[in-house]
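Quick look at model10.cif (mmCIF, C-alpha atoms):
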```cif
data_input
#
loop_
_atom_site.label_atom_id
_atom_site.label_comp_id
_atom_site.auth_asym_id
_atom_site.auth_seq_id
_atom_site.Cartn_x
_atom_site.Cartn_y
_atom_site.Cartn_z
CA MET P 1 -24.67 -16.84 -6.79
CA GLU P 2 -23.80 -13.16 -7.13
CA ASN P 3 -23.87 -10.42 -4.51
CA LEU P 4 -27.47 -9.94 -3.31
CA ASP P 5 -27.55 -6.18 -3.97
CA VAL P 6 -26.19 -6.67 -7.49
CA MET P 7 -28.78 -9.38 -8.11
CA VAL P 8 -31.60 -7.08 -6.95
CA LEU P 9 -30.37 -4.18 -9.07
CA ARG P 10 -29.82 -6.39 -12.13
CA THR P 11 -33.30 -7.90 -11.88
CA LEU P 12 -34.90 -4.49 -11.35
CA GLN P 13 -33.01 -3.07 -14.33
CA GLY P 14 -34.25 -5.95 -16.50
CA TRP P 15 -37.86 -5.30 -15.52
CA ARG P 16 -37.58 -1.58 -16.22
CA ALA P 17 -35.70 -2.05 -19.51
CA ALA P 18 -38.58 -4.27 -20.65
CA GLY P 19 -41.03 -1.47 -19.86
CA ARG P 20 -42.52 -3.06 -16.75
CA ARG P 21 -43.62 -1.07 -13.72
CA ALA P 22 -41.52 -1.75 -10.61
CA LEU P 23 -40.41 -0.25 -7.32
CA LEU P 24 -37.22 -0.33 -5.26
CA ALA P 25 -37.63 -0.51 -1.47
CA THR P 26 -34.73 0.45 0.82
CA VAL P 27 -34.57 0.09 4.61
CA VAL P 28 -33.67 3.63 5.73
CA ARG P 29 -34.29 3.55 9.49
CA THR P 30 -34.85 0.96 12.20
CA TRP P 31 -35.87 1.24 15.84
CA GLY P 32 -35.36 -1.62 18.27
CA SER P 33 -34.86 -5.04 16.71
CA SER P 34 -35.09 -5.39 12.94
CA PRO P 35 -34.89 -8.45 10.65
CA ARG P 36 -32.74 -6.65 8.04
CA PRO P 37 -30.16 -3.87 8.50
CA VAL P 38 -30.35 -0.31 7.21
CA GLY P 39 -29.42 -0.21 3.52
CA SER P 40 -31.08 -3.53 2.64
CA ILE P 41 -32.99 -3.44 -0.64
CA MET P 42 -35.69 -5.35 -2.48
CA ALA P 43 -37.40 -4.86 -5.84
CA LEU P 44 -41.05 -5.51 -6.64
CA CYS P 45 -42.43 -5.92 -10.17
CA GLU P 46 -45.97 -5.11 -11.27
CA ASP P 47 -46.79 -8.83 -11.56
CA GLY P 48 -45.87 -9.45 -7.91
CA SER P 49 -42.38 -10.85 -8.52
CA VAL P 50 -39.95 -9.98 -5.73
CA VAL P 51 -36.16 -10.12 -5.43
CA GLY P 52 -34.24 -9.25 -2.26
CA SER P 53 -35.81 -8.66 1.14
CA VAL P 54 -36.47 -6.01 3.77
CA SER P 55 -37.89 -8.36 6.43
CA GLY P 56 -38.55 -12.01 7.09
CA GLY P 57 -41.26 -12.04 4.43
CA CYS P 58 -44.41 -10.53 5.93
CA ILE P 59 -43.63 -6.96 4.89
CA GLU P 60 -42.84 -8.19 1.38
CA ASP P 61 -46.28 -9.84 1.32
CA ASP P 62 -47.92 -6.59 2.40
CA LEU P 63 -46.10 -4.60 -0.28
CA ILE P 64 -47.21 -7.11 -2.92
CA ASP P 65 -50.78 -6.86 -1.67
CA ARG P 66 -50.74 -3.05 -1.62
CA HIS P 67 -48.87 -2.35 -4.85
CA THR P 68 -49.73 -5.13 -7.34
CA ARG P 69 -52.70 -7.09 -8.59
CA ALA P 70 -51.22 -10.40 -7.45
CA TYR P 71 -53.76 -10.91 -4.66
CA ALA P 72 -56.57 -8.89 -6.19
CA GLN P 73 -56.80 -11.33 -9.10
CA GLY P 74 -58.07 -14.03 -6.79
CA VAL P 75 -60.10 -11.83 -4.45
CA PRO P 76 -61.59 -8.88 -6.37
CA THR P 77 -62.28 -5.78 -4.31
CA ALA P 78 -64.17 -2.59 -5.06
CA ASN P 79 -61.02 -0.47 -5.18
CA ALA P 80 -58.62 -3.07 -6.59
CA GLY P 81 -57.94 -0.96 -9.67
CA LYS P 82 -56.67 1.93 -7.56
CA ASP P 83 -54.95 0.24 -4.64
CA HIS P 84 -53.38 -2.79 -6.30
CA CYS P 85 -50.89 -1.28 -8.73
CA ILE P 86 -47.40 0.18 -8.66
CA PRO P 87 -47.91 3.90 -8.03
CA SER P 88 -45.81 6.60 -9.67
CA GLY P 89 -44.32 9.92 -8.69
CA PRO P 90 -41.64 10.92 -6.20
CA PRO P 91 -40.35 8.44 -3.60
CA THR P 92 -42.42 7.90 -0.47
CA PHE P 93 -41.65 6.69 3.06
CA VAL P 94 -43.61 3.94 4.80
CA LYS P 95 -43.23 2.60 8.35
CA TYR P 96 -43.95 -0.89 9.65
CA GLY P 97 -44.21 -2.17 13.19
CA VAL P 98 -45.16 1.07 14.92
CA THR P 99 -47.56 -0.71 17.29
CA ALA P 100 -47.24 -4.06 19.05
CA ASP P 101 -50.10 -5.44 16.94
CA GLU P 102 -48.37 -4.39 13.73
CA ALA P 103 -45.07 -5.82 14.90
CA HIS P 104 -46.81 -9.15 15.50
CA ARG P 105 -48.71 -8.94 12.21
CA PHE P 106 -45.60 -8.25 10.15
CA GLY P 107 -43.38 -10.71 11.97
CA LEU P 108 -41.09 -8.06 13.44
CA PRO P 109 -39.23 -8.77 16.69
CA CYS P 110 -40.84 -7.37 19.82
CA GLY P 111 -40.67 -3.59 19.70
CA GLY P 112 -39.15 -3.57 16.22
CA THR P 113 -39.96 -0.78 13.78
CA LEU P 114 -38.52 -0.09 10.35
CA GLU P 115 -38.99 2.61 7.73
CA LEU P 116 -38.70 2.06 3.99
CA LEU P 117 -38.17 4.41 1.09
CA LEU P 118 -40.12 3.32 -1.97
CA GLU P 119 -38.81 4.47 -5.37
CA TYR P 120 -41.27 4.06 -8.21
CA ASP P 121 -40.07 3.06 -11.70
CA PRO P 122 -36.32 3.83 -11.28
CA ASP P 123 -34.53 4.87 -14.48
CA PRO P 124 -33.21 1.71 -16.22
CA ASN P 125 -30.27 3.56 -17.82
CA SER P 126 -29.03 4.79 -14.46
CA LEU P 127 -29.40 1.30 -13.02
CA ALA P 128 -27.43 -0.16 -15.94
CA THR P 129 -24.60 2.33 -15.34
CA LEU P 130 -24.51 1.38 -11.65
CA ILE P 131 -24.42 -2.36 -12.41
CA THR P 132 -21.61 -1.90 -14.95
CA ALA P 133 -19.54 -0.01 -12.36
CA LEU P 134 -20.11 -2.71 -9.74
CA GLU P 135 -19.17 -5.46 -12.20
CA ALA P 136 -15.92 -3.55 -12.85
CA GLY P 137 -15.13 -3.74 -9.13
CA ARG P 138 -15.87 -0.10 -8.29
CA LEU P 139 -17.48 1.14 -5.09
CA MET P 140 -20.37 3.51 -5.88
CA GLN P 141 -22.67 5.94 -4.10
CA ARG P 142 -26.23 6.28 -5.36
CA SER P 143 -27.97 9.47 -4.23
CA VAL P 144 -31.74 9.75 -4.78
CA ARG P 145 -33.40 13.18 -4.78
CA LEU P 146 -36.56 12.82 -2.70
CA ALA P 147 -38.41 15.56 -4.56
CA ASP P 148 -38.56 13.67 -7.85
CA GLY P 149 -36.64 10.37 -7.52
CA VAL P 150 -33.78 11.36 -9.83
CA ALA P 151 -30.68 9.28 -8.98
CA THR P 152 -27.06 10.48 -9.18
CA LEU P 153 -24.09 8.10 -9.22
CA THR P 154 -20.60 8.96 -7.93
CA PRO P 155 -17.54 6.77 -7.20
CA ALA P 156 -16.89 6.19 -3.49
CA ALA P 157 -13.50 5.98 -1.80
CA ALA P 158 -14.71 3.83 1.09
CA PRO P 159 -17.92 2.11 2.24
CA THR P 160 -20.21 4.44 4.20
CA GLU P 161 -23.45 4.06 6.10
CA LEU P 162 -26.73 4.97 4.42
CA VAL P 163 -27.61 8.65 4.90
CA VAL P 164 -31.08 10.17 4.54
CA ASP P 165 -32.02 13.81 5.09
CA ALA P 166 -34.76 16.19 3.99
CA GLU P 167 -33.53 16.22 0.38
CA ASN P 168 -31.65 13.03 -0.48
CA LEU P 169 -31.07 9.39 0.31
CA THR P 170 -27.51 8.19 -0.29
CA ASN P 171 -26.62 4.51 -0.23
CA THR P 172 -23.25 2.90 -0.98
CA PHE P 173 -23.08 -0.19 -3.19
CA GLY P 174 -19.98 -2.32 -3.41
CA PRO P 175 -18.80 -4.88 -5.93
CA GLU P 176 -19.08 -8.57 -5.24
CA TYR P 177 -17.05 -10.12 -2.45
CA ARG P 178 -14.43 -12.40 -3.96
CA MET P 179 -12.73 -15.55 -2.73
CA LEU P 180 -9.49 -16.99 -4.09
CA LEU P 181 -8.85 -20.60 -3.14
CA ILE P 182 -5.40 -22.16 -3.54
CA GLY P 183 -6.03 -25.85 -4.19
CA ALA P 184 -8.87 -27.70 -5.92
CA GLY P 185 -9.36 -30.60 -3.51
CA GLN P 186 -12.52 -31.84 -1.84
CA LEU P 187 -12.41 -29.25 0.95
CA ALA P 188 -12.15 -26.48 -1.66
CA GLU P 189 -15.28 -27.80 -3.40
CA TYR P 190 -17.32 -27.58 -0.21
CA LEU P 191 -15.92 -24.16 0.68
CA ALA P 192 -16.48 -22.82 -2.84
CA THR P 193 -20.09 -24.01 -2.77
CA MET P 194 -20.75 -22.26 0.54
CA ALA P 195 -19.03 -19.09 -0.64
CA LEU P 196 -21.11 -19.00 -3.81
CA PHE P 197 -24.44 -19.16 -2.01
CA ASN P 198 -23.16 -16.45 0.37
CA GLY P 199 -22.67 -14.13 -2.59
CA PHE P 200 -18.93 -14.50 -3.23
CA ALA P 201 -17.42 -14.78 -6.68
CA VAL P 202 -15.02 -17.74 -6.39
CA THR P 203 -11.75 -18.36 -8.21
CA VAL P 204 -9.85 -21.61 -7.66
CA CYS P 205 -6.15 -21.92 -8.47
CA ASP P 206 -4.39 -25.25 -8.79
CA PRO P 207 -1.51 -26.02 -11.19
CA ARG P 208 -1.97 -29.75 -10.52
CA GLU P 209 -3.96 -31.34 -13.33
CA GLU P 210 -4.99 -34.33 -11.21
CA TYR P 211 -6.93 -32.02 -8.89
CA ARG P 212 -8.35 -29.67 -11.53
CA GLY P 213 -9.57 -32.59 -13.59
CA SER P 214 -12.01 -33.74 -10.92
CA TRP P 215 -13.30 -30.27 -9.96
CA ASN P 216 -17.09 -30.32 -9.73
CA VAL P 217 -18.28 -26.75 -8.91
CA PRO P 218 -18.95 -25.22 -12.33
CA ALA P 219 -19.91 -21.77 -11.00
CA ALA P 220 -16.35 -21.21 -9.76
CA THR P 221 -13.58 -20.05 -12.10
CA VAL P 222 -10.65 -22.50 -12.22
CA VAL P 223 -7.14 -21.41 -13.26
CA SER P 224 -3.92 -23.39 -13.59
CA ASP P 225 -1.14 -20.79 -13.17
CA MET P 226 1.21 -20.76 -10.19
CA PRO P 227 -0.60 -19.47 -7.09
CA ASP P 228 1.62 -16.45 -6.39
CA ASP P 229 1.14 -15.25 -9.98
CA VAL P 230 -2.61 -15.78 -9.65
CA VAL P 231 -2.72 -13.68 -6.46
CA LEU P 232 -0.96 -10.84 -8.27
CA ALA P 233 -3.39 -11.04 -11.19
CA PHE P 234 -6.39 -11.37 -8.83
CA LYS P 235 -5.48 -8.05 -7.13
CA PRO P 236 -7.22 -8.74 -3.82
CA ASP P 237 -8.95 -5.72 -2.30
CA ARG P 238 -10.83 -5.10 0.96
CA ARG P 239 -13.75 -7.20 -0.38
CA SER P 240 -11.51 -10.20 -1.10
CA CYS P 241 -10.25 -13.21 0.85
CA VAL P 242 -7.44 -15.64 0.02
CA VAL P 243 -7.42 -19.16 1.47
CA ALA P 244 -4.64 -21.71 0.92
CA LEU P 245 -5.81 -25.33 1.10
CA THR P 246 -3.15 -27.53 -0.53
CA HIS P 247 -0.94 -28.38 2.49
CA ASP P 248 1.95 -27.97 0.02
CA PRO P 249 4.37 -25.19 1.06
CA LYS P 250 5.54 -24.79 -2.55
CA LEU P 251 2.03 -23.74 -3.51
CA ASP P 252 0.65 -22.17 -0.34
CA ASP P 253 3.52 -20.11 1.07
CA LEU P 254 4.29 -17.77 -1.83
CA ALA P 255 0.59 -17.20 -2.49
CA LEU P 256 0.00 -16.28 1.14
CA LEU P 257 2.99 -13.93 1.18
CA GLU P 258 1.67 -12.12 -1.89
CA ALA P 259 -1.81 -11.93 -0.35
CA LEU P 260 -0.44 -10.36 2.84
CA ASN P 261 0.79 -7.45 0.71
CA THR P 262 -2.77 -6.65 -0.38
CA ASP P 263 -5.88 -5.21 1.28
CA ALA P 264 -7.59 -8.63 1.44
CA PHE P 265 -9.81 -8.72 4.54
CA TYR P 266 -8.92 -12.36 5.22
CA VAL P 267 -5.73 -14.32 4.46
CA GLY P 268 -5.37 -17.83 5.85
CA GLY P 269 -3.93 -21.29 5.34
CA ILE P 270 -5.18 -24.74 6.28
CA GLY P 271 -3.22 -26.88 8.70
CA SER P 272 -2.77 -27.79 12.33
CA ARG P 273 -1.30 -25.47 14.91
CA ARG P 274 2.06 -27.22 14.51
CA ASN P 275 1.91 -26.83 10.70
CA ASN P 276 1.01 -23.19 11.09
CA GLU P 277 3.99 -22.62 13.40
CA ALA P 278 6.24 -24.34 10.86
CA ARG P 279 4.85 -22.08 8.13
CA HIS P 280 5.66 -18.98 10.18
CA ALA P 281 9.17 -20.29 10.84
CA ARG P 282 9.78 -20.92 7.11
CA MET P 283 8.56 -17.48 6.15
CA ILE P 284 10.69 -15.80 8.80
CA GLU P 285 13.81 -17.80 7.90
CA HIS P 286 13.59 -17.77 4.10
CA PHE P 287 11.48 -14.73 3.21
CA ASP P 288 12.61 -12.10 5.73
CA GLN P 289 9.24 -11.99 7.46
CA THR P 290 8.62 -11.11 11.10
CA GLU P 291 5.89 -12.05 13.54
CA GLU P 292 4.50 -8.54 13.02
CA SER P 293 4.40 -8.86 9.23
CA LEU P 294 2.66 -12.25 9.62
CA ALA P 295 0.12 -11.04 12.17
CA ARG P 296 -2.69 -11.00 9.59
CA LEU P 297 -1.98 -14.55 8.46
CA ARG P 298 -4.68 -16.78 9.92
CA GLY P 299 -4.00 -20.35 10.88
CA PRO P 300 -5.23 -22.78 11.90
CA ILE P 301 -8.22 -21.38 10.01
CA GLY P 302 -11.83 -21.86 10.99
CA ILE P 303 -13.94 -21.47 14.11
CA TYR P 304 -13.56 -24.46 16.42
CA ILE P 305 -16.61 -26.73 16.16
CA GLY P 306 -14.88 -30.08 16.61
CA SER P 307 -14.98 -30.64 12.85
CA LYS P 308 -13.24 -33.65 11.30
CA THR P 309 -14.75 -34.14 7.83
CA PRO P 310 -14.23 -31.86 4.78
CA PRO P 311 -17.80 -30.46 4.78
CA GLU P 312 -17.65 -29.68 8.50
CA ILE P 313 -14.22 -28.06 8.14
CA ALA P 314 -15.62 -25.98 5.28
CA VAL P 315 -18.48 -24.82 7.52
CA SER P 316 -15.94 -23.83 10.16
CA VAL P 317 -13.77 -21.87 7.70
CA MET P 318 -16.73 -20.17 6.01
CA ALA P 319 -18.08 -19.13 9.41
CA GLU P 320 -14.77 -17.49 10.31
CA ILE P 321 -14.55 -15.70 6.95
CA LEU P 322 -18.08 -14.33 7.36
CA ALA P 323 -17.37 -13.27 10.94
CA VAL P 324 -14.30 -11.31 9.84
CA LYS P 325 -16.21 -9.83 6.88
CA ASN P 326 -18.97 -8.70 9.23
CA GLY P 327 -16.58 -7.16 11.75
CA VAL P 328 -17.05 -9.73 14.53
CA THR P 329 -14.13 -9.92 16.96
CA LEU P 330 -13.06 -13.55 17.30
CA PRO P 331 -11.04 -15.08 20.18
CA ARG P 332 -8.00 -15.42 17.89
CA ASP P 333 -8.10 -11.69 17.10
CA MET P 334 -8.10 -10.95 20.83
CA GLU P 335 -5.12 -13.29 21.30
CA VAL P 336 -3.20 -11.60 18.46
CA ALA P 337 -3.91 -8.17 19.91
CA GLN P 338 -2.79 -9.29 23.36
CA ALA P 339 0.40 -10.86 21.98
CA LYS P 340 1.22 -7.63 20.14
CA ASN P 341 0.62 -5.67 23.32
CA ASP P 342 2.85 -8.06 25.28
CA ARG P 343 5.69 -7.62 22.75
CA GLU P 344 5.38 -3.85 22.94
CA LEU P 345 5.47 -3.97 26.73
CA ALA P 346 8.55 -6.19 26.68
CA HIS P 347 10.28 -3.84 24.24
CA ASN P 348 9.57 -0.83 26.42
CA ASP P 349 10.40 -2.57 29.70
CA PRO P 350 12.78 -5.56 29.32
CA GLY P 351 11.97 -6.70 32.85
CA VAL P 352 8.24 -7.09 32.33
CA LEU P 353 6.62 -10.51 32.57
CA VAL P 354 5.20 -11.66 29.23
CA CYS P 355 2.89 -14.71 29.38
CA GLY P 356 4.52 -15.72 32.65
CA VAL P 357 8.10 -15.55 31.29
CA ARG P 358 10.37 -12.64 32.09
CA ALA P 359 11.69 -11.07 28.91
CA ALA P 360 15.43 -11.09 28.46
#
```
Write the structure described by the file as structure tokens, please.
Amino acid sequence: MENLDVMVLRTLQGWRAAGRRALLATVVRTWGSSPRPVGSIMALCEDGSVVGSVSGGCIEDDLIDRHTRAYAQGVPTANAGKDHCIPSGPPTFVKYGVTADEAHRFGLPCGGTLELLLEYDPDPNSLATLITALEAGRLMQRSVRLADGVATLTPAAAPTELVVDAENLTNTFGPEYRMLLIGAGQLAEYLATMALFNGFAVTVCDPREEYRGSWNVPAATVVSDMPDDVVLAFKPDRRSCVVALTHDPKLDDLALLEALNTDAFYVGGIGSRRNNEARHARMIEHFDQTEESLARLRGPIGIYIGSKTPPEIAVSVMAEILAVKNGVTLPRDMEVAQAKNDRELAHNDPGVLVCGVRAA
């Protein structure tokens, strides 16, 4: 399953290229609690088809009712011809959840309010250009002129928050998140499946034919080259993660070392705490690494949930990857930061106590 924003834009572009009326809704402001964050998008076709979401579902239902004939077909009304169609013209703003009654009606959390920008019949050629750029791995800004709905596309150097002012709305769209798995075993199948339905494009690397031959997740790309070469060719960026799952140092270690030299937001290897310590020791002894250079290497990977079976371990690992992707500070990150601080203190003051042991 591809990135949700890309899926929305691709579907919308298909509708418009076929000459169908459609609108693009973007969450531009929220007050209090909100089901979906600012920047979330959904598309609505003239026949009532919807892709993406801006709430838990009730606001989508209201937009369908207001802007299509989907409901009017079954319950004719005097003004159905005017009110139940996709309008045209410049973008418009609409608010939901202003009152407590509306919040309850639209399923918003208590006190929640959100504002949408509705773009009517976006240009299919501009959408196609944006989708092509995202498929090529580029980060893009889409700026919509509020006076007439004309959209301008420009490459972006870094992700930014949505910005709306009196003249324009500017939203940043990124390429798909990508996952590279080293190893094609059972755990990798479960993890790949979870990653796919979370919007990651998944590549699996395993030079061992006996493992590749039984792979059973067709939506993932499977390659047979040596893992370190695959990491180099994969070119991990800040929307990529690399996870080593073979338990074989000959396959895992070099791949992880290459991944640590990239901007990948998550680099980790499976194994117990003892195995992870042994991995660090090997890398320090044989590959001139230091504890500082290995600080980003995660292991044991996964959030502790008492998992024992491959599917439960996959849940644990996927949860940690998503937490890191979403900027959640995990206990391990706090421990790493504290250990780094302790080392710096010991360097500056050799007599300081570090973790209860006086530094030499």
For each of P:Ser240, P:Thr309, P:Gln141, P:Gln13, take the minimum atom-to-atom distance to P:Leu260, counting all atoms listed in the file, then give the residue where this is smallest.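 Of P:Ser240, P:Thr309, P:Gln141, P:Gln13, the one nearest P:Leu260 is P:Ser240, counting all atoms listed in the file.
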Near P:Phe200, counting only C-alpha atoms, which residues have an atom at most 7 Å away, once you skip same-chain residues fewer than 2 positions from it, shown as a ChimeraX atom specification? /P:2-3,176-179,195-196,198,202
Selected residue, from P:Leu257, P:Asp237, P:Arg10, P:Gly97, that lies nearest to P:Thr290 when counting all atoms listed in the file: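 With all atoms listed in the file as the atom set, the closest residue is P:Leu257.
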Please write as an MDAnalysis selection string the full residue list that the PyMOL selection byres ((chain P and resi 316-325) around 9) yields on this file. chainID P and resid 191 194:195 198 239 241 265:266 301:305 307 311:315 326:330
Would you export the selected residues with C-alpha atoms as a short mmCIF file (atom, residue, chain, number, x, y, z; two decimals), keeping the file's coordinate frame, please?
```
data_model
loop_
_atom_site.label_atom_id
_atom_site.label_comp_id
_atom_site.auth_asym_id
_atom_site.auth_seq_id
_atom_site.Cartn_x
_atom_site.Cartn_y
_atom_site.Cartn_z
CA LEU P 191 -15.92 -24.16 0.68
CA MET P 194 -20.75 -22.26 0.54
CA ALA P 195 -19.03 -19.09 -0.64
CA ASN P 198 -23.16 -16.45 0.37
CA ARG P 239 -13.75 -7.20 -0.38
CA CYS P 241 -10.25 -13.21 0.85
CA PHE P 265 -9.81 -8.72 4.54
CA TYR P 266 -8.92 -12.36 5.22
CA ILE P 301 -8.22 -21.38 10.01
CA GLY P 302 -11.83 -21.86 10.99
CA ILE P 303 -13.94 -21.47 14.11
CA TYR P 304 -13.56 -24.46 16.42
CA ILE P 305 -16.61 -26.73 16.16
CA SER P 307 -14.98 -30.64 12.85
CA PRO P 311 -17.80 -30.46 4.78
CA GLU P 312 -17.65 -29.68 8.50
CA ILE P 313 -14.22 -28.06 8.14
CA ALA P 314 -15.62 -25.98 5.28
CA VAL P 315 -18.48 -24.82 7.52
CA ASN P 326 -18.97 -8.70 9.23
CA GLY P 327 -16.58 -7.16 11.75
CA VAL P 328 -17.05 -9.73 14.53
CA THR P 329 -14.13 -9.92 16.96
CA LEU P 330 -13.06 -13.55 17.30
#
```
Could you please determine the separation between atom CA of P:Asp229 and atom CA of P:Ala201 in Å, to one decimal place?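 Atom CA of P:Ala201 lies at a distance of 18.9 Å from atom CA of P:Asp229.
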Who sits within 8 Å of stretch 45-51 of chain P, only C-alpha atoms, same chain under 5 positions skipped, as a tab-separated table (two decimals) with C-alpha atoms, in the frame of the given file:
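Result saved to result_36.tsv:
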```tsv
chain	number	residue	atom	x	y	z
P	7	MET	CA	-28.78	-9.38	-8.11
P	8	VAL	CA	-31.60	-7.08	-6.95
P	11	THR	CA	-33.30	-7.90	-11.88
P	12	LEU	CA	-34.90	-4.49	-11.35
P	15	TRP	CA	-37.86	-5.30	-15.52
P	20	ARG	CA	-42.52	-3.06	-16.75
P	21	ARG	CA	-43.62	-1.07	-13.72
P	22	ALA	CA	-41.52	-1.75	-10.61
P	23	LEU	CA	-40.41	-0.25	-7.32
P	60	GLU	CA	-42.84	-8.19	1.38
P	64	ILE	CA	-47.21	-7.11	-2.92
P	67	HIS	CA	-48.87	-2.35	-4.85
P	68	THR	CA	-49.73	-5.13	-7.34
P	69	ARG	CA	-52.70	-7.09	-8.59
P	70	ALA	CA	-51.22	-10.40	-7.45
P	85	CYS	CA	-50.89	-1.28	-8.73
P	86	ILE	CA	-47.40	0.18	-8.66
```
Grab the atom CA of P:Gly19 to atom CA of P:Gly199 distance for me, in Å with one decimal place.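 Taking atom CA of P:Gly19 as the start and atom CA of P:Gly199 as the end point, the length is 28.2 Å.
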Please expand the PyMOL selection byres ((chain P and resi 27-29) around 7) into the concrete residues it hits in this file, giving the result as a list of chain:residue names. P:Ala25, P:Thr26, P:Thr30, P:Trp31, P:Val38, P:Gly39, P:Ser40, P:Ile41, P:Val54, P:Leu114, P:Glu115, P:Leu116, P:Leu117
Around all the atoms of stretch 271-277 of chain P listed in the file, draw an axis-aligned box and extend it by 8 Å on each of the six sides; I want its centre and edge lengths in Å to one decimal, as lines of an AutoDock Vina configuration file.
```
center_x = 0.4
center_y = -25.2
center_z = 11.8
size_x = 23.2
size_y = 21.2
size_z = 22.2
```
Which of these residues is nearest to P:Gly185, using all atoms listed in the file: P:Gln289, P:Leu4, P:Pro310, P:Phe173?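 Answer, going by the shortest atom-to-atom distance: P:Pro310.
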Between atom CA of P:Arg66 and atom CA of P:Val150, measure the distance and give it in Å to one decimal.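 Straight-line distance from atom CA of P:Arg66 to atom CA of P:Val150 works out to 23.7 Å.
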Of the candidates P:His286, P:Arg298, P:Lys308, P:Arg274, which shows the shortest atom-to-atom distance to P:Leu256, using only C-alpha atoms? P:Arg298
Could you add N, CA, C and O atoms to stretch 297-310 of chain P and give me the result as an mmCIF file, in the frame of the given file?
```cif
data_model
loop_
_atom_site.group_PDB
_atom_site.id
_atom_site.type_symbol
_atom_site.label_atom_id
_atom_site.label_comp_id
_atom_site.auth_asym_id
_atom_site.auth_seq_id
_atom_site.Cartn_x
_atom_site.Cartn_y
_atom_site.Cartn_z
ATOM 1 N N LEU P 297 -1.867 -13.211 9.031
ATOM 2 C CA LEU P 297 -1.980 -14.550 8.460
ATOM 3 C C LEU P 297 -2.715 -15.465 9.433
ATOM 4 O O LEU P 297 -2.226 -15.754 10.523
ATOM 5 N N ARG P 298 -3.862 -15.962 9.031
ATOM 6 C CA ARG P 298 -4.680 -16.780 9.920
ATOM 7 C C ARG P 298 -4.343 -18.253 9.758
ATOM 8 O O ARG P 298 -4.200 -18.750 8.647
ATOM 9 N N GLY P 299 -4.252 -18.928 10.876
ATOM 10 C CA GLY P 299 -4.000 -20.350 10.880
ATOM 11 C C GLY P 299 -3.788 -20.825 12.318
ATOM 12 O O GLY P 299 -3.111 -20.134 13.073
ATOM 13 N N PRO P 300 -4.313 -21.971 12.695
ATOM 14 C CA PRO P 300 -5.230 -22.780 11.900
ATOM 15 C C PRO P 300 -6.524 -21.997 11.597
ATOM 16 O O PRO P 300 -7.012 -21.257 12.449
ATOM 17 N N ILE P 301 -7.043 -22.145 10.397
ATOM 18 C CA ILE P 301 -8.220 -21.380 10.010
ATOM 19 C C ILE P 301 -9.486 -22.106 10.440
ATOM 20 O O ILE P 301 -9.521 -23.315 10.620
ATOM 21 N N GLY P 302 -10.543 -21.322 10.613
ATOM 22 C CA GLY P 302 -11.830 -21.860 10.990
ATOM 23 C C GLY P 302 -12.154 -21.637 12.452
ATOM 24 O O GLY P 302 -11.270 -21.508 13.297
ATOM 25 N N ILE P 303 -13.444 -21.559 12.732
ATOM 26 C CA ILE P 303 -13.940 -21.470 14.110
ATOM 27 C C ILE P 303 -14.040 -22.892 14.661
ATOM 28 O O ILE P 303 -14.534 -23.795 13.981
ATOM 29 N N TYR P 304 -13.585 -23.102 15.878
ATOM 30 C CA TYR P 304 -13.560 -24.460 16.420
ATOM 31 C C TYR P 304 -14.973 -24.974 16.656
ATOM 32 O O TYR P 304 -15.746 -24.405 17.436
ATOM 33 N N ILE P 305 -15.325 -26.054 15.951
ATOM 34 C CA ILE P 305 -16.610 -26.730 16.160
ATOM 35 C C ILE P 305 -16.405 -28.235 16.267
ATOM 36 O O ILE P 305 -17.343 -29.012 16.124
ATOM 37 N N GLY P 306 -15.166 -28.658 16.513
ATOM 38 C CA GLY P 306 -14.880 -30.080 16.610
ATOM 39 C C GLY P 306 -14.982 -30.796 15.284
ATOM 40 O O GLY P 306 -15.217 -32.002 15.232
ATOM 41 N N SER P 307 -14.789 -30.069 14.175
ATOM 42 C CA SER P 307 -14.980 -30.640 12.850
ATOM 43 C C SER P 307 -13.851 -31.583 12.477
ATOM 44 O O SER P 307 -12.688 -31.344 12.782
ATOM 45 N N LYS P 308 -14.217 -32.659 11.757
ATOM 46 C CA LYS P 308 -13.240 -33.650 11.300
ATOM 47 C C LYS P 308 -13.342 -33.909 9.804
ATOM 48 O O LYS P 308 -12.361 -34.230 9.158
ATOM 49 N N THR P 309 -14.541 -33.817 9.236
ATOM 50 C CA THR P 309 -14.750 -34.140 7.830
ATOM 51 C C THR P 309 -14.629 -32.884 6.966
ATOM 52 O O THR P 309 -14.800 -31.758 7.449
ATOM 53 N N PRO P 310 -14.346 -33.032 5.660
ATOM 54 C CA PRO P 310 -14.230 -31.860 4.780
ATOM 55 C C PRO P 310 -15.432 -30.926 4.805
ATOM 56 O O PRO P 310 -15.251 -29.704 4.893
#
```
